[in-house]
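One structure is given below, encoded as structure tokens.
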Amino acid sequence: MSAAPHLDDIAQQSARPTLPVVANYCATFLKPEMLHIYRQITSLKRVEPFVIAQKREEAERYPFDRLAIVGKPALHFARRFWFRELRDAPWEVSAGEVRKLIGVLDRVNAQLLHIYFGHIAVHLLPLIRAWPKPSVVSFHGADVMVDLDKPAYRAAAQRMLESVRMVLVRSESLGRALINLGCPAVKIRLQHTGIPVDEIPFRARTWPDKGAWRFVQACRLIEKKGLRVSLRAFAKFAGRHPESTFTIAGDGPLRTELGQLAADLGIADKVFFPGFISQTQLRELFYQSHIFLHPSEVGGDGNQEGIPNSMLEAMASGLPVFATEHGGIPEAIENERSGILVKERDDAALAEALLQWTTNSEGLAAIARNGAEEVRKRFEQTGQTRQLEDYYLEAIG
């Protein structure tokens, strides 16, 4: 792997007058599940992206050489402890960190700072206020309501929203949540995740004639993904169709608990956990499957979905999706037309819907076709990238 270019070299390249430089702050560039951020940054054409991160991961998976790593200072953890444990408030970057970050922004001639995730922007509030050029923040779901029951956290989020020029949200539901928090509606712009639909061609499925249905869910193994509901609904379905299987692709803190739940439900031999898999493997899994599950729910800490990327990719591939009336999901799925929606946390309703629709081969095929068409019309990557560039240029002014 070639070494990353020196910051001075990048600065000379970024100073070209043709394209404005947008600095993208992402604390970790990039975690395995952040493919959507990589796609977004690398697809930009009318602005020149630059990345600032605290640390780099998955460099081979996500190659990118226009970046600066600005690591945590030696006293970071002590400072974080002081804020969180003694003040019960979100920590903020120090004056020294602000100077270092502004130095990077100035050296690459950045015209705009895009901070990924709202809770990270709260930590960077001193930078947002000190840097004389505009900042935008994007909210993706988990970063909207978490910890906002604490007055100091809510107040800090409100100060951040007052200080940025523009707020990007992945769904209208997230926008409404921010307005309720006090964000001026005029600052909010809807920015969907772009899906490279040309890389995920639609394939009509052949439904099993002997009940050997293949279910799939792909996500981080965390509470808001509704995986317990998925397993309980599948157990009810498998009681009628014992040849069925369920593959849960992904990793996360619930892995052990979910395996135990599958055993308790008597379906351990029908449920498979391959872990985090590559995009090529995931698409092949989609094409080998018949139904995609994603019964999202609000987590105990307020964590909620925008519009799940894996769900959109499953729809594009031709998988009929069974999900919930949660977060931004109803903005992508019209019930009984482009997917099936049930109430949150209702495994009985999900199982009933699965049993009903798997007896309706024509209806299931229509849902699959309509879902794929919806993704192609409203979430295609090129169009979403153009929209993001428009927002950037508007924010730069």
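Quick note on naming: the chains in the structure tokens go A, B, ... in the order shown, residues restart at 1 in each chain, and ligands are numbered from 1 in order of appearance.
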Exercise for the section: Show which residues sit within 8 Å of Arg345 in chain A, as a PyMOL selection string. Count only C-alpha atoms, and ignore same-chain residues fewer than 4 positions away. Expected result: chain A and resi 226+229+295+297
Deliver the residues from the most recent selection as a file, using N, CA, C and O atoms, as a compact mmCIF listing (two decimals), in the first residue's frame.
# COMPACT_ATOMS: atom_id res chain seq x y z
N GLY A 226 -34.27 -4.63 15.86
CA GLY A 226 -35.42 -5.51 16.06
C GLY A 226 -35.13 -6.98 15.86
O GLY A 226 -36.02 -7.75 15.50
N VAL A 229 -37.31 -9.57 17.67
CA VAL A 229 -38.60 -9.71 17.00
C VAL A 229 -38.46 -10.59 15.75
O VAL A 229 -39.31 -11.45 15.49
N PRO A 295 -37.39 -5.45 11.20
CA PRO A 295 -38.42 -4.89 12.08
C PRO A 295 -37.82 -3.92 13.12
O PRO A 295 -37.82 -4.19 14.33
N GLU A 297 -36.94 -0.87 15.73
CA GLU A 297 -37.67 -0.34 16.87
C GLU A 297 -36.82 0.72 17.55
O GLU A 297 -35.60 0.75 17.37
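Excluding range 99-102 of chain A itself and any same-chain residue fewer than 6 positions from it, the protein and nucleic acid residues within 9 Å of it, counting only C-alpha atoms, are Ile52, Val70, Leu127, Ala130 and Trp131 of chain A.
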Problem - All residues 9 Å or closer to Phe50 in chain A, only C-alpha atoms, same chain fewer than 2 positions away omitted, as a ChimeraX atom specification - result: /A:10,14,21-25,41,48,52,65-68,108,110
Store the residues of this selection in a file with C-alpha atoms, as a PDB file, in the first residue's frame.
ATOM      1  CA  ILE A  10      -2.509  17.878  -0.364  1.00  0.00           C
ATOM      2  CA  SER A  14      -6.586  21.515  -2.742  1.00  0.00           C
ATOM      3  CA  VAL A  21     -12.792  21.972  -0.841  1.00  0.00           C
ATOM      4  CA  VAL A  22     -15.212  20.324   1.574  1.00  0.00           C
ATOM      5  CA  ALA A  23     -13.546  18.894   4.676  1.00  0.00           C
ATOM      6  CA  ASN A  24     -15.383  15.846   6.014  1.00  0.00           C
ATOM      7  CA  TYR A  25     -14.881  15.118   9.709  1.00  0.00           C
ATOM      8  CA  ILE A  41     -17.474  11.092  -0.128  1.00  0.00           C
ATOM      9  CA  GLU A  48     -13.176  18.320  -3.702  1.00  0.00           C
ATOM     10  CA  ILE A  52     -10.161  14.631   8.860  1.00  0.00           C
ATOM     11  CA  ASP A  65      -5.434   9.338   0.332  1.00  0.00           C
ATOM     12  CA  ARG A  66      -6.681  12.892   0.848  1.00  0.00           C
ATOM     13  CA  LEU A  67      -6.928  12.816   4.620  1.00  0.00           C
ATOM     14  CA  ALA A  68      -5.285  13.967   7.816  1.00  0.00           C
ATOM     15  CA  VAL A 108      -6.103  22.567   2.634  1.00  0.00           C
ATOM     16  CA  ALA A 110     -11.362  24.181   3.083  1.00  0.00           C
TER      17      ALA A 110
END
Practice task
Would you kindly return, as a PyMOL selection string, each protein, DNA or RNA residue with an atom no farther than 12 Å from any atom of Leu124 in chain A, considering only C-alpha atoms and excluding same-chain residues fewer than 2 positions away?
Solution key: chain A and resi 25-27+90-95+97-98+101-102+113-122+126-131+135-137+156-157+159-161+163-164
Completion exercise
The residue from A:Pro73, A:Gly96, A:Gly194, A:Gly175 with the smallest atom-to-atom distance to Thr385 in chain A, counting only C-alpha atoms, is A:Gly194
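Minimum atom-to-atom distances from A:Leu105, A:Leu312, A:Leu178, A:Leu112 to Leu393 in chain A were compared using only C-alpha atoms, and the lowest value belongs to A:Leu112.
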Exercise for the section: Could you give me, as number ranges by chain, the residues within 9 Å of Tyr38 in chain A, counting only C-alpha atoms and dropping anything in the same chain fewer than 3 positions from it? Expected result: A: 29-30, 34-35, 41-43, 62, 64
Practice task
Excluding Pro308 in chain A and any residue of its chain fewer than 3 positions from it, enumerate the residues within 9 Å of it, using only C-alpha atoms, and give them as a list in words.
Solution key: Thr193, Cys219, His294, Glu305, Met311, Leu312, Glu313, Gly328 and Ile329 of chain A
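Residues of range 120-238 of chain A carrying a DSSP assignment of strand (DSSP E), computed from the backbone, are Ser135, Val136, Val137, Ser138, Phe139, Met166, Val167, Leu168, Val169, Ile188, Arg189, Leu190, Arg214, Phe215, Val216, Gln217 and Ala218 of chain A.
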Problem - Best match for closeness to Gly141 in chain A among A:Ala185, A:Ala238, A:Leu19, A:Ile307, counting only C-alpha atoms - result: A:Ile307
Problem - Who sits within 7 Å of Pro201 in chain A, only C-alpha atoms, same chain under 4 positions skipped, as a PyMOL selection string - result: chain A and resi 197+316-317
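Among the candidates A:Glu325, A:Asp209, A:Asp301, A:Glu394, the residue lying nearest to Leu341 in chain A is A:Glu325 (atoms considered: only C-alpha atoms).
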Exercise for the section: Point out the residue among A:Ile340, A:Ala349, A:Ile396, A:Ala372 with the least atom-to-atom distance to Leu319 in chain A, counting only C-alpha atoms. Expected result: A:Ala372
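Of note, CA of Lys55 in chain A and CA of Pro32 in chain A are spaced 13.6 Å apart.
Between CA of Gln111 in chain A and CA of Arg176 in chain A there is a distance of 28.5 Å.
Between Phe273 in chain A and the candidates A:Trp213, A:Phe246, A:Phe202, A:Phe237, the tightest atom-to-atom separation, counting only C-alpha atoms, involves A:Phe246.
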Practice task
Taking the chain letters and numbering used in this document, name the residues of range 125-306 of chain A that DSSP puts in alpha helix (DSSP H), as a PyMOL selection string.
Solution key: chain A and resi 125-130+151-163+172-181+227-240+255-264+279-288
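Taking CA of Asn370 in chain A and CA of Arg203 in chain A as the two end points, the separation is 12.5 Å.
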